[in-house]
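Participant: Dropping in entry-v8.cif, which is mmCIF, C-alpha atoms and all ligand atoms:
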data_final
#
loop_
_atom_site.group_PDB
_atom_site.id
_atom_site.type_symbol
_atom_site.label_atom_id
_atom_site.label_comp_id
_atom_site.auth_asym_id
_atom_site.auth_seq_id
_atom_site.Cartn_x
_atom_site.Cartn_y
_atom_site.Cartn_z
ATOM 1 C CA MET H 1 5.953 17.402 -37.475
ATOM 2 C CA GLU H 2 5.707 13.852 -36.199
ATOM 3 C CA THR H 3 5.024 11.197 -38.739
ATOM 4 C CA LYS H 4 3.678 7.781 -37.985
ATOM 5 C CA ASP H 5 7.160 6.379 -38.600
ATOM 6 C CA ASN H 6 8.910 8.122 -35.737
ATOM 7 C CA LYS H 7 6.049 7.968 -33.267
ATOM 8 C CA LEU H 8 5.858 4.898 -31.030
ATOM 9 C CA THR H 9 2.492 3.255 -30.564
ATOM 10 C CA ALA H 10 1.366 2.593 -26.979
ATOM 11 C CA ASP H 11 2.324 -1.071 -27.395
ATOM 12 C CA GLU H 12 5.782 -0.235 -28.710
ATOM 13 C CA GLN H 13 6.277 2.204 -25.867
ATOM 14 C CA ALA H 14 5.226 -0.444 -23.334
ATOM 15 C CA ALA H 15 7.699 -2.871 -24.875
ATOM 16 C CA ALA H 16 10.467 -0.248 -24.737
ATOM 17 C CA ASN H 17 9.828 0.477 -21.054
ATOM 18 C CA PRO H 18 7.346 -1.799 -19.333
ATOM 19 C CA ARG H 19 7.186 0.620 -16.400
ATOM 20 C CA GLU H 20 6.186 3.597 -18.492
ATOM 21 C CA GLY H 21 2.618 3.407 -17.152
ATOM 22 C CA LEU H 22 3.864 4.112 -13.640
ATOM 23 C CA THR H 23 5.022 7.565 -14.616
ATOM 24 C CA ARG H 24 1.485 8.594 -15.488
ATOM 25 C CA ALA H 25 -0.148 7.527 -12.219
ATOM 26 C CA LYS H 26 -2.130 10.342 -10.666
ATOM 27 C CA ARG H 27 -4.214 8.597 -8.015
ATOM 28 C CA ILE H 28 -1.995 6.381 -5.883
ATOM 29 C CA VAL H 29 -2.726 4.069 -2.964
ATOM 30 C CA VAL H 30 0.292 3.401 -0.715
ATOM 31 C CA LYS H 31 0.106 0.554 1.784
ATOM 32 C CA ILE H 32 2.563 0.400 4.650
ATOM 33 C CA GLY H 33 2.723 -2.475 7.119
ATOM 34 C CA THR H 34 3.422 -2.744 10.803
ATOM 35 C CA SER H 35 6.962 -4.049 10.249
ATOM 36 C CA SER H 36 7.839 -0.798 8.448
ATOM 37 C CA LEU H 37 6.203 1.444 11.058
ATOM 38 C CA VAL H 38 7.283 -0.162 14.295
ATOM 39 C CA HIS H 39 10.768 -1.085 15.542
ATOM 40 C CA LYS H 40 11.459 -4.635 16.677
ATOM 41 C CA ASN H 41 11.236 -3.361 20.276
ATOM 42 C CA GLY H 42 7.624 -2.300 19.626
ATOM 43 C CA LYS H 43 8.260 1.473 19.548
ATOM 44 C CA MET H 44 7.124 3.541 16.587
ATOM 45 C CA ASN H 45 9.738 4.179 13.918
ATOM 46 C CA LEU H 46 9.317 7.945 13.867
ATOM 47 C CA LYS H 47 12.199 8.512 11.455
ATOM 48 C CA ARG H 48 10.532 6.256 8.877
ATOM 49 C CA ILE H 49 7.077 7.786 9.399
ATOM 50 C CA GLU H 50 8.549 11.277 9.114
ATOM 51 C CA LYS H 51 10.168 10.407 5.777
ATOM 52 C CA LEU H 52 6.986 8.789 4.541
ATOM 53 C CA ALA H 53 5.043 11.947 5.408
ATOM 54 C CA ARG H 54 7.556 14.095 3.515
ATOM 55 C CA VAL H 55 7.532 11.923 0.399
ATOM 56 C CA ILE H 56 3.742 11.612 0.297
ATOM 57 C CA SER H 57 3.395 15.366 0.836
ATOM 58 C CA GLU H 58 5.804 16.062 -2.036
ATOM 59 C CA LEU H 59 3.842 13.733 -4.316
ATOM 60 C CA LYS H 60 0.724 15.659 -3.353
ATOM 61 C CA ASN H 61 2.575 18.904 -4.082
ATOM 62 C CA GLN H 62 3.273 17.520 -7.559
ATOM 63 C CA GLY H 63 -0.482 17.322 -8.079
ATOM 64 C CA ARG H 64 -1.012 13.632 -7.387
ATOM 65 C CA GLU H 65 -3.788 12.225 -5.225
ATOM 66 C CA LEU H 66 -2.608 9.936 -2.443
ATOM 67 C CA ILE H 67 -4.362 7.491 -0.151
ATOM 68 C CA LEU H 68 -2.423 5.812 2.647
ATOM 69 C CA VAL H 69 -3.421 2.385 3.927
ATOM 70 C CA SER H 70 -1.643 2.016 7.243
ATOM 71 C CA SER H 71 -1.426 -0.934 9.599
ATOM 72 C CA GLY H 72 0.052 -0.646 13.049
ATOM 73 C CA ALA H 73 -2.997 -0.092 15.252
ATOM 74 C CA ILE H 74 -2.651 -3.325 17.210
ATOM 75 C CA GLY H 75 1.158 -3.106 17.355
ATOM 76 C CA VAL H 76 1.193 0.495 18.556
ATOM 77 C CA GLY H 77 -1.671 -0.137 21.010
ATOM 78 C CA THR H 78 0.222 -3.079 22.494
ATOM 79 C CA GLU H 79 3.198 -0.812 23.124
ATOM 80 C CA VAL H 80 1.184 2.154 24.428
ATOM 81 C CA LEU H 81 -0.629 -0.087 26.911
ATOM 82 C CA LYS H 82 2.712 -1.650 27.878
ATOM 83 C CA LEU H 83 1.347 -5.149 27.285
ATOM 84 C CA PRO H 84 3.897 -7.943 27.173
ATOM 85 C CA GLY H 85 2.866 -8.888 23.634
ATOM 86 C CA LYS H 86 -0.021 -8.814 21.169
ATOM 87 C CA PRO H 87 -3.089 -9.807 23.234
ATOM 88 C CA SER H 88 -4.187 -13.375 22.655
ATOM 89 C CA THR H 89 -7.934 -12.708 22.871
ATOM 90 C CA VAL H 90 -9.996 -11.042 20.133
ATOM 91 C CA SER H 91 -11.371 -8.438 22.551
ATOM 92 C CA GLY H 92 -7.842 -7.765 23.832
ATOM 93 C CA ARG H 93 -6.582 -7.132 20.278
ATOM 94 C CA GLN H 94 -9.601 -4.985 19.527
ATOM 95 C CA ALA H 95 -8.938 -2.902 22.625
ATOM 96 C CA ALA H 96 -5.257 -2.558 21.652
ATOM 97 C CA ALA H 97 -6.297 -1.496 18.143
ATOM 98 C CA ALA H 98 -8.701 1.110 19.530
ATOM 99 C CA VAL H 99 -5.895 2.670 21.571
ATOM 100 C CA GLY H 100 -3.201 2.257 18.914
ATOM 101 C CA GLN H 101 -5.266 3.723 16.095
ATOM 102 C CA VAL H 102 -5.585 7.020 18.002
ATOM 103 C CA HIS H 103 -1.847 7.217 18.560
ATOM 104 C CA LEU H 104 -1.110 6.339 14.966
ATOM 105 C CA MET H 105 -3.427 9.064 13.710
ATOM 106 C CA GLN H 106 -1.967 11.576 16.154
ATOM 107 C CA VAL H 107 1.499 10.939 14.786
ATOM 108 C CA TYR H 108 0.333 11.107 11.157
ATOM 109 C CA SER H 109 -1.644 14.245 11.881
ATOM 110 C CA ARG H 110 1.369 15.963 13.435
ATOM 111 C CA MET H 111 3.815 14.876 10.759
ATOM 112 C CA PHE H 112 1.653 15.760 7.765
ATOM 113 C CA ALA H 113 0.798 19.108 9.381
ATOM 114 C CA GLU H 114 4.519 19.938 9.016
ATOM 115 C CA TYR H 115 3.940 19.989 5.269
ATOM 116 C CA GLY H 116 0.542 21.658 5.420
ATOM 117 C CA TYR H 117 -1.638 18.615 4.885
ATOM 118 C CA ASP H 118 -4.605 17.373 6.878
ATOM 119 C CA VAL H 119 -5.228 13.690 7.369
ATOM 120 C CA ALA H 120 -8.548 11.860 7.662
ATOM 121 C CA GLN H 121 -9.185 8.509 9.271
ATOM 122 C CA ILE H 122 -11.203 5.942 7.333
ATOM 123 C CA LEU H 123 -11.861 2.617 9.032
ATOM 124 C CA LEU H 124 -13.459 -0.005 6.817
ATOM 125 C CA THR H 125 -14.939 -3.449 7.293
ATOM 126 C CA ARG H 126 -15.673 -5.922 4.541
ATOM 127 C CA ASP H 127 -19.399 -5.404 4.766
ATOM 128 C CA THR H 128 -18.816 -1.786 3.716
ATOM 129 C CA MET H 129 -17.907 -3.309 0.352
ATOM 130 C CA ASP H 130 -20.770 -5.798 0.275
ATOM 131 C CA ILE H 131 -23.576 -3.355 1.021
ATOM 132 C CA PRO H 132 -23.990 -1.248 -2.145
ATOM 133 C CA GLU H 133 -25.168 1.841 -0.274
ATOM 134 C CA ALA H 134 -22.297 1.704 2.209
ATOM 135 C CA ARG H 135 -19.869 1.158 -0.656
ATOM 136 C CA GLN H 136 -21.187 4.203 -2.508
ATOM 137 C CA ASN H 137 -20.971 6.277 0.658
ATOM 138 C CA ALA H 138 -17.343 5.245 1.071
ATOM 139 C CA VAL H 139 -16.600 6.233 -2.544
ATOM 140 C CA ASN H 140 -18.283 9.597 -2.004
ATOM 141 C CA THR H 141 -16.238 10.240 1.135
ATOM 142 C CA PHE H 142 -12.947 9.365 -0.574
ATOM 143 C CA THR H 143 -13.851 11.620 -3.491
ATOM 144 C CA ALA H 144 -14.756 14.519 -1.201
ATOM 145 C CA LEU H 145 -11.555 14.138 0.838
ATOM 146 C CA LEU H 146 -9.343 13.999 -2.251
ATOM 147 C CA GLU H 147 -11.085 17.092 -3.633
ATOM 148 C CA LEU H 148 -10.311 18.848 -0.356
ATOM 149 C CA GLY H 149 -6.646 17.879 -0.683
ATOM 150 C CA VAL H 150 -6.811 15.827 2.502
ATOM 151 C CA LEU H 151 -4.859 12.574 2.891
ATOM 152 C CA PRO H 152 -7.189 9.652 3.681
ATOM 153 C CA VAL H 153 -5.476 7.205 6.058
ATOM 154 C CA VAL H 154 -7.237 3.857 5.874
ATOM 155 C CA ASN H 155 -7.171 0.851 8.169
ATOM 156 C CA GLU H 156 -9.466 -2.027 8.878
ATOM 157 C CA ASN H 157 -11.933 -1.195 11.628
ATOM 158 C CA ASP H 158 -10.191 -3.626 13.949
ATOM 159 C CA THR H 159 -12.268 -2.602 16.935
ATOM 160 C CA ILE H 160 -15.457 -4.079 15.538
ATOM 161 C CA ALA H 161 -14.229 -6.418 12.798
ATOM 162 C CA VAL H 162 -14.717 -10.058 13.660
ATOM 163 C CA ASP H 163 -13.952 -12.896 11.266
ATOM 164 C CA GLU H 164 -17.229 -12.690 9.339
ATOM 165 C CA ILE H 165 -16.729 -9.071 8.349
ATOM 166 C CA LYS H 166 -12.943 -8.935 8.166
ATOM 167 C CA PHE H 167 -10.634 -8.209 5.253
ATOM 168 C CA GLY H 168 -8.114 -9.981 7.465
ATOM 169 C CA ASP H 169 -5.011 -8.177 6.266
ATOM 170 C CA ASN H 170 -4.206 -4.750 4.944
ATOM 171 C CA ASP H 171 -2.710 -6.037 1.672
ATOM 172 C CA THR H 172 -6.160 -7.201 0.655
ATOM 173 C CA LEU H 173 -7.667 -4.015 2.044
ATOM 174 C CA SER H 174 -5.279 -1.838 0.016
ATOM 175 C CA SER H 175 -6.189 -3.630 -3.200
ATOM 176 C CA VAL H 176 -9.897 -3.187 -2.439
ATOM 177 C CA VAL H 177 -9.337 0.512 -1.720
ATOM 178 C CA ALA H 178 -7.391 0.935 -4.981
ATOM 179 C CA ARG H 179 -10.278 -0.577 -6.944
ATOM 180 C CA LEU H 180 -12.914 1.311 -4.972
ATOM 181 C CA THR H 181 -11.273 4.663 -5.582
ATOM 182 C CA GLY H 182 -10.277 4.039 -9.211
ATOM 183 C CA ALA H 183 -6.571 4.451 -8.432
ATOM 184 C CA GLU H 184 -4.010 4.056 -11.212
ATOM 185 C CA LEU H 185 -1.286 2.688 -8.948
ATOM 186 C CA LEU H 186 -1.069 0.579 -5.797
ATOM 187 C CA VAL H 187 2.261 0.458 -3.953
ATOM 188 C CA ILE H 188 2.654 -2.147 -1.223
ATOM 189 C CA LEU H 189 5.622 -1.209 0.958
ATOM 190 C CA THR H 190 7.146 -4.019 2.956
ATOM 191 C CA ASP H 191 10.426 -5.058 4.598
ATOM 192 C CA ILE H 192 11.858 -6.852 1.581
ATOM 193 C CA ASP H 193 12.893 -5.527 -1.864
ATOM 194 C CA GLY H 194 10.160 -7.280 -3.816
ATOM 195 C CA TYR H 195 8.747 -10.664 -4.729
ATOM 196 C CA TYR H 196 11.436 -13.334 -4.872
ATOM 197 C CA LYS H 197 11.271 -16.558 -6.853
ATOM 198 C CA ASP H 198 12.554 -18.375 -3.784
ATOM 199 C CA ASN H 199 12.801 -17.607 -0.074
ATOM 200 C CA PRO H 200 15.711 -15.113 0.145
ATOM 201 C CA ASN H 201 16.084 -15.770 3.876
ATOM 202 C CA GLU H 202 16.993 -19.350 3.103
ATOM 203 C CA ARG H 203 18.566 -18.872 -0.327
ATOM 204 C CA PRO H 204 20.632 -15.697 -0.569
ATOM 205 C CA ASP H 205 20.981 -16.202 -4.337
ATOM 206 C CA ALA H 206 17.192 -16.148 -4.831
ATOM 207 C CA GLU H 207 16.175 -14.015 -7.790
ATOM 208 C CA MET H 208 13.566 -11.288 -7.590
ATOM 209 C CA TYR H 209 10.750 -10.814 -10.085
ATOM 210 C CA HIS H 210 11.142 -7.368 -11.653
ATOM 211 C CA THR H 211 8.193 -7.280 -14.009
ATOM 212 C CA VAL H 212 5.190 -9.555 -13.735
ATOM 213 C CA THR H 213 2.826 -9.784 -16.686
ATOM 214 C CA ASP H 214 1.333 -13.202 -15.898
ATOM 215 C CA LEU H 215 -1.642 -12.296 -13.746
ATOM 216 C CA SER H 216 -2.898 -15.845 -13.332
ATOM 217 C CA GLU H 217 -2.956 -17.607 -9.995
ATOM 218 C CA ALA H 218 0.179 -19.503 -11.047
ATOM 219 C CA ILE H 219 2.272 -16.423 -10.303
ATOM 220 C CA GLU H 220 1.488 -16.826 -6.603
ATOM 221 C CA ALA H 221 3.253 -20.197 -6.461
ATOM 222 C CA ALA H 222 6.539 -18.871 -5.088
ATOM 223 C CA ALA H 223 4.866 -16.632 -2.503
ATOM 224 C CA GLY H 224 4.127 -19.277 0.098
ATOM 225 C CA GLY H 225 7.415 -19.292 1.924
ATOM 226 C CA ALA H 226 9.039 -16.112 0.645
ATOM 227 C CA GLY H 227 9.458 -12.781 2.261
ATOM 228 C CA SER H 228 8.413 -10.873 5.308
ATOM 229 C CA ARG H 229 8.065 -12.554 8.674
ATOM 230 C CA LEU H 230 6.641 -9.621 10.594
ATOM 231 C CA GLY H 231 3.591 -8.563 8.595
ATOM 232 C CA THR H 232 0.176 -10.095 9.033
ATOM 233 C CA GLY H 233 -0.145 -11.185 5.456
ATOM 234 C CA GLY H 234 3.325 -12.338 4.431
ATOM 235 C CA MET H 235 4.193 -12.353 0.729
ATOM 236 C CA LEU H 236 1.220 -14.387 -0.430
ATOM 237 C CA THR H 237 -1.395 -11.758 0.429
ATOM 238 C CA LYS H 238 0.810 -9.075 -1.174
ATOM 239 C CA VAL H 239 1.200 -10.936 -4.443
ATOM 240 C CA HIS H 240 -2.490 -11.812 -4.436
ATOM 241 C CA ALA H 241 -3.480 -8.190 -3.789
ATOM 242 C CA ALA H 242 -1.092 -6.877 -6.472
ATOM 243 C CA ARG H 243 -2.215 -9.457 -9.033
ATOM 244 C CA LEU H 244 -5.905 -8.668 -8.525
ATOM 245 C CA ALA H 245 -5.279 -4.935 -8.774
ATOM 246 C CA ALA H 246 -3.263 -5.352 -11.996
ATOM 247 C CA ALA H 247 -5.974 -7.580 -13.455
ATOM 248 C CA GLU H 248 -8.387 -4.673 -12.888
ATOM 249 C CA GLY H 249 -6.087 -2.300 -14.767
ATOM 250 C CA ILE H 250 -4.250 -0.848 -11.760
ATOM 251 C CA TRP H 251 -0.433 -0.865 -11.794
ATOM 252 C CA ALA H 252 0.835 -2.538 -8.633
ATOM 253 C CA VAL H 253 4.305 -2.552 -7.103
ATOM 254 C CA ILE H 254 5.699 -4.474 -4.133
ATOM 255 C CA ALA H 255 8.753 -2.610 -2.833
ATOM 256 C CA ASN H 256 10.919 -2.090 0.220
ATOM 257 C CA GLY H 257 9.547 0.628 2.490
ATOM 258 C CA GLN H 258 12.755 0.961 4.461
ATOM 259 C CA GLU H 259 13.464 4.121 2.469
ATOM 260 C CA PRO H 260 10.113 5.751 1.664
ATOM 261 C CA GLU H 261 11.914 7.727 -1.109
ATOM 262 C CA VAL H 262 11.494 4.528 -3.108
ATOM 263 C CA LEU H 263 8.092 6.001 -4.049
ATOM 264 C CA TYR H 264 9.851 8.652 -6.181
ATOM 265 C CA LYS H 265 11.800 5.953 -7.998
ATOM 266 C CA ILE H 266 8.673 3.903 -8.636
ATOM 267 C CA ILE H 267 6.889 6.868 -10.142
ATOM 268 C CA ASP H 268 9.946 7.700 -12.253
ATOM 269 C CA GLY H 269 9.693 4.211 -13.735
ATOM 270 C CA GLU H 270 13.021 3.086 -12.241
ATOM 271 C CA ASP H 271 13.768 -0.577 -11.838
ATOM 272 C CA VAL H 272 12.888 -1.015 -8.158
ATOM 273 C CA GLY H 273 10.618 -3.580 -6.547
ATOM 274 C CA THR H 274 8.361 -5.987 -8.368
ATOM 275 C CA VAL H 275 5.910 -4.375 -10.739
ATOM 276 C CA PHE H 276 2.674 -6.058 -11.804
ATOM 277 C CA VAL H 277 1.862 -4.641 -15.208
ATOM 278 C CA ALA H 278 -1.730 -3.405 -15.380
ATOM 279 C CA ARG H 279 -3.989 -5.202 -17.796
ATOM 280 C CA LYS H 280 -5.197 -2.813 -20.470
ATOM 281 C CA GLY H 281 -8.689 -1.723 -21.222
ATOM 282 C CA ARG H 282 -9.820 -0.183 -17.996
HETATM 283 N N1 LIG D 301 -5.289 -3.721 10.841
HETATM 284 C C1 LIG D 301 -4.175 -4.239 11.586
HETATM 285 C C2 LIG D 301 -3.547 -3.159 12.440
HETATM 286 O O1 LIG D 301 -3.624 -2.003 12.133
HETATM 287 C C3 LIG D 301 -3.081 -4.752 10.679
HETATM 288 C C4 LIG D 301 -3.447 -5.706 9.620
HETATM 289 C C5 LIG D 301 -2.251 -5.977 8.719
HETATM 290 O O2 LIG D 301 -1.121 -5.666 9.109
HETATM 291 O O3 LIG D 301 -2.423 -6.506 7.642
HETATM 292 O O4 LIG D 301 -2.924 -3.441 13.425
#
Let me see the file written as structure tokens.
Facilitator:
Amino acid sequence: METKDNKLTADEQAAANPREGLTRAKRIVVKIGTSSLVHKNGKMNLKRIEKLARVISELKNQGRELILVSSGAIGVGTEVLKLPGKPSTVSGRQAAAAVGQVHLMQVYSRMFAEYGYDVAQILLTRDTMDIPEARQNAVNTFTALLELGVLPVVNENDTIAVDEIKFGDNDTLSSVVARLTGAELLVILTDIDGYYKDNPNERPDAEMYHTVTDLSEAIEAAAGGAGSRLGTGGMLTKVHAARLAAAEGIWAVIANGQEPEVLYKIIDGEDVGTVFVARKGR
């Protein structure tokens, strides 16, 4: 029989392993950016996407509920249309996104089908969040899809989103989706190991944050120049998104998506990436 003396309180447990909370996450939002999905030559990184599909499917097999926030529509569309580069006009980018989104979903659909899972496309704009009825409808759809065992794949509705109704980047979008769906964990996969205290491209000895408990704006200070060059948001939007999620009681991790198996390590509470410890009381 366990006595009070040999049983750790939740606080003691958290002190013993600050990542313990990650191991209990059931509903998980995974965000993957264009730089992880597309090669430098613009072609889709099928090997990476295949691995991601396998890992996410296994996590679903374990009984977890997954939501994927995927960028890449504009990048893939640019390649499919054989354009010389990302179109410079808004309508050009919207057209590229419309084409690329279809291709992206085709690839996801095929790859997840390998493991017996269906995917669903959810395209959101910011006004979906601002209009209470639309927001509730989105929640209901997510709930229904998760009950059906389907994997929701979310992106911004780039085809119609103009500045006024834009999230602007998928880091922000992923944090909004995590809050909307009551997720326990948000994982932002990028092309760097985590959040560094200095720009690791300029200073190879830069240290990485492993565990962040300070959820104030001050923690964003080092994010200005650090990190990914390819993504839309850079490190600042990632840290901001992770901080806001953690402040709402959602564990958030910024990690390297080069090897999608990193998701297993995160959920096992291993010391990978930068974890933003969820504020209690949700
Ligand atoms: N929604 C954009 C796309 O799919 C990407 C935005 C982002 O990377 O943050 O191309």
Participant: Have a look at H:Ile49, H:Asp163, H:Glu156, H:Glu65 and name the one nearest to Ser109 in chain H; count only C-alpha atoms.
Facilitator: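 For Ser109 in chain H, the nearest of the candidates is H:Ile49.
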Participant: Using all atoms listed in the file, can you list as an MDAnalysis selection string the residues within 6 Å of (-5.0, -4.2, 8.6)?
Facilitator: chainID H and resid 71 155:156 169:170
Participant: Expand the PyMOL selection byres (((chain H and resi 242-251) around 10) and not hetatm) into the individual residues it matches in the shown file, reporting them as a compact mmCIF listing (two decimals) with C-alpha atoms, in the coordinates of the input.
Facilitator:
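Saved as expr-v9.txt:
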# COMPACT_ATOMS: atom_id res chain seq x y z
CA ARG H 19 7.19 0.62 -16.40
CA GLY H 21 2.62 3.41 -17.15
CA LEU H 22 3.86 4.11 -13.64
CA ALA H 25 -0.15 7.53 -12.22
CA ILE H 28 -2.00 6.38 -5.88
CA ASP H 171 -2.71 -6.04 1.67
CA THR H 172 -6.16 -7.20 0.66
CA SER H 174 -5.28 -1.84 0.02
CA SER H 175 -6.19 -3.63 -3.20
CA VAL H 176 -9.90 -3.19 -2.44
CA VAL H 177 -9.34 0.51 -1.72
CA ALA H 178 -7.39 0.94 -4.98
CA ARG H 179 -10.28 -0.58 -6.94
CA GLY H 182 -10.28 4.04 -9.21
CA ALA H 183 -6.57 4.45 -8.43
CA GLU H 184 -4.01 4.06 -11.21
CA LEU H 185 -1.29 2.69 -8.95
CA LEU H 186 -1.07 0.58 -5.80
CA VAL H 187 2.26 0.46 -3.95
CA ILE H 188 2.65 -2.15 -1.22
CA VAL H 212 5.19 -9.56 -13.74
CA THR H 213 2.83 -9.78 -16.69
CA ASP H 214 1.33 -13.20 -15.90
CA LEU H 215 -1.64 -12.30 -13.75
CA SER H 216 -2.90 -15.84 -13.33
CA GLU H 217 -2.96 -17.61 -9.99
CA ILE H 219 2.27 -16.42 -10.30
CA GLU H 220 1.49 -16.83 -6.60
CA LEU H 236 1.22 -14.39 -0.43
CA THR H 237 -1.40 -11.76 0.43
CA LYS H 238 0.81 -9.07 -1.17
CA VAL H 239 1.20 -10.94 -4.44
CA HIS H 240 -2.49 -11.81 -4.44
CA ALA H 241 -3.48 -8.19 -3.79
CA ALA H 252 0.84 -2.54 -8.63
CA VAL H 253 4.30 -2.55 -7.10
CA ILE H 254 5.70 -4.47 -4.13
CA THR H 274 8.36 -5.99 -8.37
CA VAL H 275 5.91 -4.38 -10.74
CA PHE H 276 2.67 -6.06 -11.80
CA VAL H 277 1.86 -4.64 -15.21
CA ALA H 278 -1.73 -3.40 -15.38
CA ARG H 279 -3.99 -5.20 -17.80
CA LYS H 280 -5.20 -2.81 -20.47
CA GLY H 281 -8.69 -1.72 -21.22
CA ARG H 282 -9.82 -0.18 -18.00
Participant: Here is a test: counting all atoms listed in the file, which residue of H:Tyr196, H:Tyr117, H:Phe167, H:Phe112 is nearest to ligand LIG 301 (chain D)?
Facilitator: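 With all atoms listed in the file as the atom set, the closest residue is H:Phe167.
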Participant: Using only C-alpha atoms, which of the listed residues (H:Val150, H:Ala206, H:Leu145, H:Val38) sits closest to Asp191 in chain H?
Facilitator: H:Val38
Participant: Using all atoms listed in the file, what are the residues with an atom within 8 Å of ligand LIG 301 (chain D), set out as a PDB file with C-alpha atoms, keeping the file's coordinate frame?
Facilitator:
ATOM      1  CA  GLY H  33       2.723  -2.475   7.119  1.00  0.00           C
ATOM      2  CA  THR H  34       3.422  -2.744  10.803  1.00  0.00           C
ATOM      3  CA  SER H  70      -1.643   2.016   7.243  1.00  0.00           C
ATOM      4  CA  SER H  71      -1.426  -0.934   9.599  1.00  0.00           C
ATOM      5  CA  GLY H  72       0.052  -0.646  13.049  1.00  0.00           C
ATOM      6  CA  ALA H  73      -2.997  -0.092  15.252  1.00  0.00           C
ATOM      7  CA  ILE H  74      -2.651  -3.325  17.210  1.00  0.00           C
ATOM      8  CA  GLY H  75       1.158  -3.106  17.355  1.00  0.00           C
ATOM      9  CA  VAL H  76       1.193   0.495  18.556  1.00  0.00           C
ATOM     10  CA  ALA H  97      -6.297  -1.496  18.143  1.00  0.00           C
ATOM     11  CA  GLY H 100      -3.201   2.257  18.914  1.00  0.00           C
ATOM     12  CA  GLN H 101      -5.266   3.723  16.095  1.00  0.00           C
ATOM     13  CA  ASN H 155      -7.171   0.851   8.169  1.00  0.00           C
ATOM     14  CA  GLU H 156      -9.466  -2.027   8.878  1.00  0.00           C
ATOM     15  CA  ASN H 157     -11.933  -1.195  11.628  1.00  0.00           C
ATOM     16  CA  ASP H 158     -10.191  -3.626  13.949  1.00  0.00           C
ATOM     17  CA  GLY H 168      -8.114  -9.981   7.465  1.00  0.00           C
ATOM     18  CA  ASP H 169      -5.011  -8.177   6.266  1.00  0.00           C
ATOM     19  CA  ASN H 170      -4.206  -4.750   4.944  1.00  0.00           C
ATOM     20  CA  ASP H 171      -2.710  -6.037   1.672  1.00  0.00           C
ATOM     21  CA  THR H 172      -6.160  -7.201   0.655  1.00  0.00           C
ATOM     22  CA  GLY H 231       3.591  -8.563   8.595  1.00  0.00           C
ATOM     23  CA  THR H 232       0.176 -10.095   9.033  1.00  0.00           C
ATOM     24  CA  GLY H 233      -0.145 -11.185   5.456  1.00  0.00           C
TER      25      GLY H 233
END
Participant: Of the residues H:Asp118, H:Glu270, H:Asp127, H:Glu79, which is the one nearest to Thr211 in chain H, using all atoms listed in the file?
Facilitator: H:Glu270
Participant: Taking (2.7, 2.4, 22.2) in the file's own coordinates, collect the residues within 9 Å, counting all atoms listed in the file, and hand them back as number ranges by chain.
Facilitator: H: 42-44, 75-82, 99-100, 103
Participant: To verify the selection step, state as a PyMOL selection string which residues the PyMOL selection byres (((chain H and resi 63) around 12) and not hetatm) yields on this input.
Facilitator: chain H and resi 24-28+56-62+64-66+146-147+149
Participant: Keeping only C-alpha atoms, take the residues you just selected and write them out as a short mmCIF file (atom, residue, chain, number, x, y, z; two decimals), in the frame of the given file.
Facilitator:
data_model
loop_
_atom_site.label_atom_id
_atom_site.label_comp_id
_atom_site.auth_asym_id
_atom_site.auth_seq_id
_atom_site.Cartn_x
_atom_site.Cartn_y
_atom_site.Cartn_z
CA ARG H 24 1.48 8.59 -15.49
CA ALA H 25 -0.15 7.53 -12.22
CA LYS H 26 -2.13 10.34 -10.67
CA ARG H 27 -4.21 8.60 -8.02
CA ILE H 28 -2.00 6.38 -5.88
CA ILE H 56 3.74 11.61 0.30
CA SER H 57 3.40 15.37 0.84
CA GLU H 58 5.80 16.06 -2.04
CA LEU H 59 3.84 13.73 -4.32
CA LYS H 60 0.72 15.66 -3.35
CA ASN H 61 2.58 18.90 -4.08
CA GLN H 62 3.27 17.52 -7.56
CA ARG H 64 -1.01 13.63 -7.39
CA GLU H 65 -3.79 12.22 -5.22
CA LEU H 66 -2.61 9.94 -2.44
CA LEU H 146 -9.34 14.00 -2.25
CA GLU H 147 -11.08 17.09 -3.63
CA GLY H 149 -6.65 17.88 -0.68
#
Participant: What does the distance between CA of Val154 in chain H and CA of Glu133 in chain H come to in Å, to one decimal place?
Facilitator: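 That distance, rounded to one decimal, is 19.1 Å.
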Participant: In Å to one decimal, how far is CA of Lys40 in chain H from CA of Ser88 in chain H?
Facilitator: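 Atom-to-atom, CA of Ser88 in chain H and CA of Lys40 in chain H are spaced 18.9 Å apart.
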Participant: Give me, please, the distance in Å between CA of Pro200 in chain H and CA of Pro18 in chain H, quoted to one decimal.
Facilitator: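 According to the coordinates, CA of Pro200 in chain H and CA of Pro18 in chain H are separated by 25.0 Å.
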Participant: Please provide the set of residues having any atom within 9 Å of Tyr108 in chain H, restricted to only C-alpha atoms, with same-chain residues fewer than 6 positions apart removed, written as a VMD selection string.
Facilitator: chain H and resid 49 to 50 53 119 153
Participant: Env of Thr159 in chain H: 9 Å cut, atoms = all atoms listed in the file, seq-sep filter 4 positions within chain, self excluded. Answer as a list in words.
Facilitator: Ser91, Arg93, Gln94, Ala95, Ala96, Ala97 and Ala98 of chain H
Participant: Which is closest to Glu259 in chain H among H:Asn41, H:Thr190, H:Asn199, H:Thr89, if we use only C-alpha atoms?
Facilitator: H:Thr190
Participant: Which residue gives the smallest distance to Leu173 in chain H among H:Met129, H:Ala113, H:Leu151, H:Ser35, with only C-alpha atoms counted?
Facilitator: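 Closest residue, counting only C-alpha atoms: H:Met129.
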